[in-house]
Amino acid sequence: MYIGRFAPSPTGLLHKGSLVAALGSYLRARQQQGQWLVRMEDLDPLREVAGAADDILQTLEAHALYWDGEVVYQSQRQSCYEAALAELLASGQVYACTCTRKGLRQQAAMGALGMIYPGICRDVQHPFLGRYAIRVRTHNMPLCFTDRLQGTHCQCLETELGDFIIRRSDGYFAYQLAVVVDDHLQGVTEVVRGEDLLDNTQRQNYLQRLLGYRQPDYCHLPMVKNPQGQKLSKQTHAPAVKRAAAAANLVEALELLRGSVVDEKITITELERLRQEPPEVILQWAVAHSASC
Ligand SMILES: [Zn+2]
């Protein structure tokens, strides 16, 4: 069975960009008569905004985006990530890193994906103390995956990124590990999310291979931009979507998904007519007019 998910982080309220990701993943799941799960990616309490998690869920409900099963909170799943880390430790694929950000800034080159870790601690065998970060060993064989919308993408992790962190020096698990463990445990068969996460996929595929997990399919949705051409995000101060304007928000999101998850042949007139309908009716129409991306 198809299992999809929407996985927001409660670092702010739901904005237009995240609504598009929610709707895109919802439509894919409903079109396949599958399940649509919601997972709250609240790994880092320091970045969290109080009340945002509940607010996001209420906003989804106001748009008739009802999920299957219970919402999963990453903050409650430390033991799952510990277990995965223990497996990686046992297989010798990870090591402790004592480097500081400041020290690395002087030594590491910058790549397209950020700082490239130069492998300083790789063969030192530092003890696995809580205050040290844990990195996973990478290699330079190209890792490739084919996205349903974005085609084939490859990365050579070692040169492009270096050994990357799976548990931070402050003790929190890194997003890359948590996502892989949760998608596996929740049986997710396809990951539908924003294009901004496209270049994270190879790291996740790499961890999936090391942990012996099945690799899900991927469908990265085109980015939603503001009039200045910037990606809509908390960093660019994207405004929260208004629950009272649910129908208009859904119509706008459908317009942005036209040609990817939504049939490209639907017309503006058809979409405009939907503005008068309740969210449930809009979603029903959208499922019937979704494209098999
Ligand atoms: Zn190091």
# chains A, B, ... in the order shown; residues from 1 in each chain; ligands from 1

call {"tool": "residues_near_ligand", "arguments": {"ligand": "ligand 1", "cutoff": "10 Å", "atoms": "only C-alpha atoms and all ligand atoms", "output": "list of chain:residue names"}}
result
A:Tyr95, A:Ala96, A:Cys97, A:Thr98, A:Cys99, A:Thr100, A:Arg101, A:Gly103, A:Leu104, A:Tyr117, A:Pro118, A:Gly119, A:Ile120, A:Cys121, A:Arg122, A:Asp123, A:Val124, A:His126, A:Tyr132, A:Ala133, A:Ile134, A:Arg135, A:Asp163, A:Ile165

call {"tool": "write_last_selection", "arguments": {"atoms": "N, CA, C and O atoms", "output": "JSON list (two decimals), in the first residue's frame"}}
result
[["chain", "number", "residue", "atom", "x", "y", "z"],
["A", 95, "TYR", "N", 31.93, 7.68, 13.63],
["A", 95, "TYR", "CA", 33.01, 8.01, 14.57],
["A", 95, "TYR", "C", 32.70, 9.32, 15.29],
["A", 95, "TYR", "O", 31.90, 10.12, 14.81],
["A", 96, "ALA", "N", 33.35, 9.50, 16.43],
["A", 96, "ALA", "CA", 33.15, 10.73, 17.20],
["A", 96, "ALA", "C", 34.04, 11.83, 16.63],
["A", 96, "ALA", "O", 35.17, 11.58, 16.20],
["A", 97, "CYS", "N", 33.51, 13.03, 16.64],
["A", 97, "CYS", "CA", 34.23, 14.19, 16.08],
["A", 97, "CYS", "C", 34.29, 15.27, 17.14],
["A", 97, "CYS", "O", 33.27, 15.68, 17.69],
["A", 98, "THR", "N", 35.51, 15.73, 17.42],
["A", 98, "THR", "CA", 35.68, 16.74, 18.47],
["A", 98, "THR", "C", 35.85, 18.14, 17.88],
["A", 98, "THR", "O", 36.07, 19.09, 18.61],
["A", 99, "CYS", "N", 35.75, 18.24, 16.57],
["A", 99, "CYS", "CA", 35.97, 19.54, 15.92],
["A", 99, "CYS", "C", 34.91, 20.54, 16.35],
["A", 99, "CYS", "O", 33.75, 20.20, 16.51],
["A", 100, "THR", "N", 35.33, 21.78, 16.49],
["A", 100, "THR", "CA", 34.37, 22.84, 16.77],
["A", 100, "THR", "C", 34.04, 23.54, 15.45],
["A", 100, "THR", "O", 34.81, 23.49, 14.49],
["A", 101, "ARG", "N", 32.88, 24.17, 15.43],
["A", 101, "ARG", "CA", 32.45, 24.90, 14.25],
["A", 101, "ARG", "C", 33.49, 25.97, 13.88],
["A", 101, "ARG", "O", 33.83, 26.15, 12.72],
["A", 103, "GLY", "N", 36.71, 26.00, 14.62],
["A", 103, "GLY", "CA", 37.92, 25.37, 14.09],
["A", 103, "GLY", "C", 37.72, 24.94, 12.64],
["A", 103, "GLY", "O", 38.61, 25.12, 11.81],
["A", 104, "LEU", "N", 36.55, 24.39, 12.36],
["A", 104, "LEU", "CA", 36.28, 23.91, 11.00],
["A", 104, "LEU", "C", 36.21, 25.06, 10.01],
["A", 104, "LEU", "O", 36.62, 24.93, 8.86],
["A", 117, "TYR", "N", 33.33, 18.65, 5.31],
["A", 117, "TYR", "CA", 34.13, 18.16, 6.44],
["A", 117, "TYR", "C", 35.37, 17.43, 5.92],
["A", 117, "TYR", "O", 35.26, 16.46, 5.16],
["A", 118, "PRO", "N", 36.58, 17.90, 6.32],
["A", 118, "PRO", "CA", 37.79, 17.33, 5.73],
["A", 118, "PRO", "C", 38.27, 16.02, 6.37],
["A", 118, "PRO", "O", 39.38, 15.58, 6.09],
["A", 119, "GLY", "N", 37.47, 15.42, 7.21],
["A", 119, "GLY", "CA", 37.83, 14.10, 7.73],
["A", 119, "GLY", "C", 38.85, 14.10, 8.85],
["A", 119, "GLY", "O", 39.51, 13.09, 9.10],
["A", 120, "ILE", "N", 38.98, 15.24, 9.53],
["A", 120, "ILE", "CA", 40.01, 15.40, 10.57],
["A", 120, "ILE", "C", 39.98, 14.28, 11.62],
["A", 120, "ILE", "O", 41.01, 13.73, 11.99],
["A", 121, "CYS", "N", 38.80, 13.92, 12.08],
["A", 121, "CYS", "CA", 38.69, 12.96, 13.19],
["A", 121, "CYS", "C", 38.45, 11.51, 12.73],
["A", 121, "CYS", "O", 38.31, 10.61, 13.55],
["A", 122, "ARG", "N", 38.40, 11.32, 11.43],
["A", 122, "ARG", "CA", 37.99, 10.03, 10.87],
["A", 122, "ARG", "C", 38.76, 8.85, 11.44],
["A", 122, "ARG", "O", 38.18, 7.82, 11.78],
["A", 123, "ASP", "N", 40.08, 8.98, 11.54],
["A", 123, "ASP", "CA", 40.88, 7.83, 11.98],
["A", 123, "ASP", "C", 41.50, 8.03, 13.36],
["A", 123, "ASP", "O", 42.41, 7.30, 13.74],
["A", 124, "VAL", "N", 40.99, 8.99, 14.11],
["A", 124, "VAL", "CA", 41.58, 9.29, 15.41],
["A", 124, "VAL", "C", 41.04, 8.38, 16.51],
["A", 124, "VAL", "O", 41.71, 8.13, 17.51],
["A", 126, "HIS", "N", 38.37, 8.90, 18.63],
["A", 126, "HIS", "CA", 37.94, 9.58, 19.84],
["A", 126, "HIS", "C", 36.88, 8.72, 20.52],
["A", 126, "HIS", "O", 36.13, 8.02, 19.83],
["A", 132, "TYR", "N", 30.56, 14.98, 22.17],
["A", 132, "TYR", "CA", 31.14, 14.98, 20.83],
["A", 132, "TYR", "C", 30.06, 14.67, 19.79],
["A", 132, "TYR", "O", 29.17, 13.86, 20.03],
["A", 133, "ALA", "N", 30.20, 15.28, 18.64],
["A", 133, "ALA", "CA", 29.30, 14.96, 17.53],
["A", 133, "ALA", "C", 29.65, 13.58, 17.00],
["A", 133, "ALA", "O", 30.76, 13.08, 17.22],
["A", 134, "ILE", "N", 28.69, 12.95, 16.34],
["A", 134, "ILE", "CA", 28.97, 11.67, 15.68],
["A", 134, "ILE", "C", 28.76, 11.85, 14.18],
["A", 134, "ILE", "O", 27.73, 12.37, 13.74],
["A", 135, "ARG", "N", 29.76, 11.45, 13.42],
["A", 135, "ARG", "CA", 29.70, 11.55, 11.96],
["A", 135, "ARG", "C", 29.69, 10.17, 11.33],
["A", 135, "ARG", "O", 30.22, 9.22, 11.89],
["A", 163, "ASP", "N", 32.14, 13.58, 5.53],
["A", 163, "ASP", "CA", 31.41, 12.76, 6.51],
["A", 163, "ASP", "C", 30.44, 13.69, 7.25],
["A", 163, "ASP", "O", 30.85, 14.74, 7.74],
["A", 165, "ILE", "N", 27.15, 14.76, 9.98],
["A", 165, "ILE", "CA", 26.78, 14.55, 11.38],
["A", 165, "ILE", "C", 25.42, 13.84, 11.47],
["A", 165, "ILE", "O", 24.47, 14.21, 10.79]]

call {"tool": "residues_around", "arguments": {"residues": "Pro142 of chain A", "least_positions_apart": "3", "cutoff": "8 Å", "atoms": "only C-alpha atoms", "output": "list in words"}}
result
Cys154, Gln155, Cys156 and Leu157 of chain A

call {"tool": "closest_residue", "arguments": {"among": "A:Ile3, A:Val251, A:Ala238, A:Leu113", "to": "Pro216 of chain A", "atoms": "only C-alpha atoms"}}
result
A:Ile3

call {"tool": "atom_distance", "arguments": {"atom1": "atom CA of Val179 of chain A", "atom2": "atom CA of Ala90 of chain A"}}
result
20.6 Å

call {"tool": "select_by_dssp", "arguments": {"residues": "segment 25-204 of chain A", "states": "strand (DSSP E or B)", "output": "ChimeraX atom specification"}}
result
/A:35-40,72-73,94-97,109-111,114-116,133-136,143-147,151-155,164-167,173,190-194

call {"tool": "residues_around", "arguments": {"residues": "Glu70 of chain A", "least_positions_apart": "2", "cutoff": "8 Å", "atoms": "only C-alpha atoms", "output": "number ranges by chain"}}
result
A: 37-38, 68, 72

call {"tool": "write_last_selection", "arguments": {"atoms": "N, CA and C atoms", "output": "PDB file, in the first residue's frame"}}
result
ATOM      1  N   LEU A  37       0.192  10.336   6.359  1.00  0.00           N
ATOM      2  CA  LEU A  37       0.579  10.504   7.765  1.00  0.00           C
ATOM      3  C   LEU A  37       1.113  11.904   8.002  1.00  0.00           C
ATOM      4  N   VAL A  38       0.997  12.365   9.228  1.00  0.00           N
ATOM      5  CA  VAL A  38       1.615  13.632   9.605  1.00  0.00           C
ATOM      6  C   VAL A  38       2.614  13.369  10.727  1.00  0.00           C
ATOM      7  N   ASP A  68      -4.191  10.277   8.481  1.00  0.00           N
ATOM      8  CA  ASP A  68      -4.533   8.943   8.982  1.00  0.00           C
ATOM      9  C   ASP A  68      -3.702   8.658  10.230  1.00  0.00           C
ATOM     10  N   VAL A  72       2.820  11.671  14.727  1.00  0.00           N
ATOM     11  CA  VAL A  72       4.045  11.207  15.368  1.00  0.00           C
ATOM     12  C   VAL A  72       4.928  12.422  15.679  1.00  0.00           C
TER      13      VAL A  72
END

call {"tool": "atom_distance", "arguments": {"atom1": "atom CA of Leu46 of chain A", "atom2": "atom CA of Arg131 of chain A"}}
result
17.2 Å

call {"tool": "select_by_dssp", "arguments": {"residues": "segment 65-276 of chain A", "states": "helix (DSSP H, G or I)", "output": "VMD selection string"}}
result
chain A and resid 74 to 76 78 to 90 101 to 107 157 to 160 175 to 185 195 to 211 243 to 257 268 to 274

call {"tool": "write_last_selection", "arguments": {"atoms": "C-alpha atoms", "output": "CSV table (one decimal), in the first residue's frame"}}
result
chain,number,residue,atom,x,y,z
A,74,GLN,CA,10.1,13.1,16.7
A,75,SER,CA,10.8,14.5,20.2
A,76,GLN,CA,9.2,11.4,21.6
A,78,GLN,CA,14.7,9.2,20.9
A,79,SER,CA,14.9,5.5,21.6
A,80,CYS,CA,14.2,4.7,17.9
A,81,TYR,CA,17.1,7.0,16.9
A,82,GLU,CA,19.3,5.5,19.6
A,83,ALA,CA,18.7,2.0,18.3
A,84,ALA,CA,19.6,3.1,14.7
A,85,LEU,CA,22.8,4.8,16.0
A,86,ALA,CA,23.7,1.6,18.0
A,87,GLU,CA,23.5,-0.3,14.7
A,88,LEU,CA,25.8,2.1,12.9
A,89,LEU,CA,28.2,2.1,15.9
A,90,ALA,CA,28.3,-1.7,15.8
A,101,ARG,CA,32.4,24.9,14.2
A,102,LYS,CA,35.0,27.7,14.7
A,103,GLY,CA,37.9,25.4,14.1
A,104,LEU,CA,36.3,23.9,11.0
A,105,ARG,CA,35.6,27.3,9.6
A,106,GLN,CA,39.3,27.9,9.4
A,107,GLN,CA,40.1,24.5,7.9
A,157,LEU,CA,29.2,12.6,-0.7
A,158,GLU,CA,32.8,12.6,0.4
A,159,THR,CA,34.0,15.4,-1.9
A,160,GLU,CA,30.7,17.4,-2.0
A,175,TYR,CA,17.5,15.6,10.9
A,176,GLN,CA,19.1,13.2,8.3
A,177,LEU,CA,19.1,10.3,10.7
A,178,ALA,CA,15.7,11.0,12.3
A,179,VAL,CA,13.9,11.3,8.9
A,180,VAL,CA,15.4,8.0,7.6
A,181,VAL,CA,14.5,6.1,10.8
A,182,ASP,CA,10.9,7.5,10.9
A,183,ASP,CA,10.2,7.0,7.2
A,184,HIS,CA,11.3,3.4,7.6
A,185,LEU,CA,9.4,2.7,10.8
A,195,GLU,CA,12.5,20.9,-3.9
A,196,ASP,CA,14.6,22.6,-1.2
A,197,LEU,CA,15.2,19.1,0.3
A,198,LEU,CA,16.2,17.5,-3.0
A,199,ASP,CA,20.0,17.7,-2.2
A,200,ASN,CA,19.4,16.0,1.2
A,201,THR,CA,18.1,12.9,-0.5
A,202,GLN,CA,21.4,11.2,-1.2
A,203,ARG,CA,22.5,11.5,2.4
A,204,GLN,CA,19.3,9.9,3.4
A,205,ASN,CA,19.7,7.2,0.8
A,206,TYR,CA,23.2,6.5,2.1
A,207,LEU,CA,21.9,6.0,5.6
A,208,GLN,CA,19.1,3.8,4.4
A,209,ARG,CA,21.6,1.6,2.7
A,210,LEU,CA,23.8,1.4,5.8
A,211,LEU,CA,20.8,0.5,7.9
A,243,ARG,CA,-7.5,29.6,8.3
A,244,ALA,CA,-10.5,31.8,7.4
A,245,ALA,CA,-9.3,31.8,3.8
A,246,ALA,CA,-9.0,28.0,3.5
A,247,ALA,CA,-10.8,27.7,0.1
A,248,ALA,CA,-8.7,30.5,-1.5
A,249,ASN,CA,-5.5,29.1,-0.1
A,250,LEU,CA,-6.3,25.6,-1.5
A,251,VAL,CA,-7.1,27.0,-4.9
A,252,GLU,CA,-3.8,29.0,-4.9
A,253,ALA,CA,-1.9,25.9,-3.8
A,254,LEU,CA,-3.5,23.8,-6.6
A,255,GLU,CA,-2.5,26.4,-9.1
A,256,LEU,CA,1.1,26.1,-8.0
A,257,LEU,CA,0.9,22.3,-8.2
A,268,ILE,CA,-8.0,28.8,-14.3
A,269,THR,CA,-11.8,29.1,-14.8
A,270,GLU,CA,-12.3,25.7,-13.2
A,271,LEU,CA,-10.0,26.7,-10.3
A,272,GLU,CA,-11.8,30.0,-9.8
A,273,ARG,CA,-15.1,28.3,-9.6
A,274,LEU,CA,-13.8,26.2,-6.7

call {"tool": "closest_residue", "arguments": {"among": "A:Arg168, A:Arg214, A:Arg148, A:His63", "to": "Ile282 of chain A", "atoms": "only C-alpha atoms"}}
result
A:His63

call {"tool": "residues_around", "arguments": {"residues": "Leu19 of chain A", "least_positions_apart": "2", "cutoff": "10 Å", "atoms": "only C-alpha atoms", "output": "JSON, numbers by chain"}}
result
{"A": [6, 8, 14, 15, 16, 17, 21, 22, 23, 24, 25, 56, 59, 60, 63, 65, 240, 241, 249, 250, 252, 253]}

call {"tool": "closest_residue", "arguments": {"among": "A:Val287, A:Met1, A:Leu161, A:Ala112", "to": "Asn140 of chain A", "atoms": "only C-alpha atoms"}}
result
A:Leu161
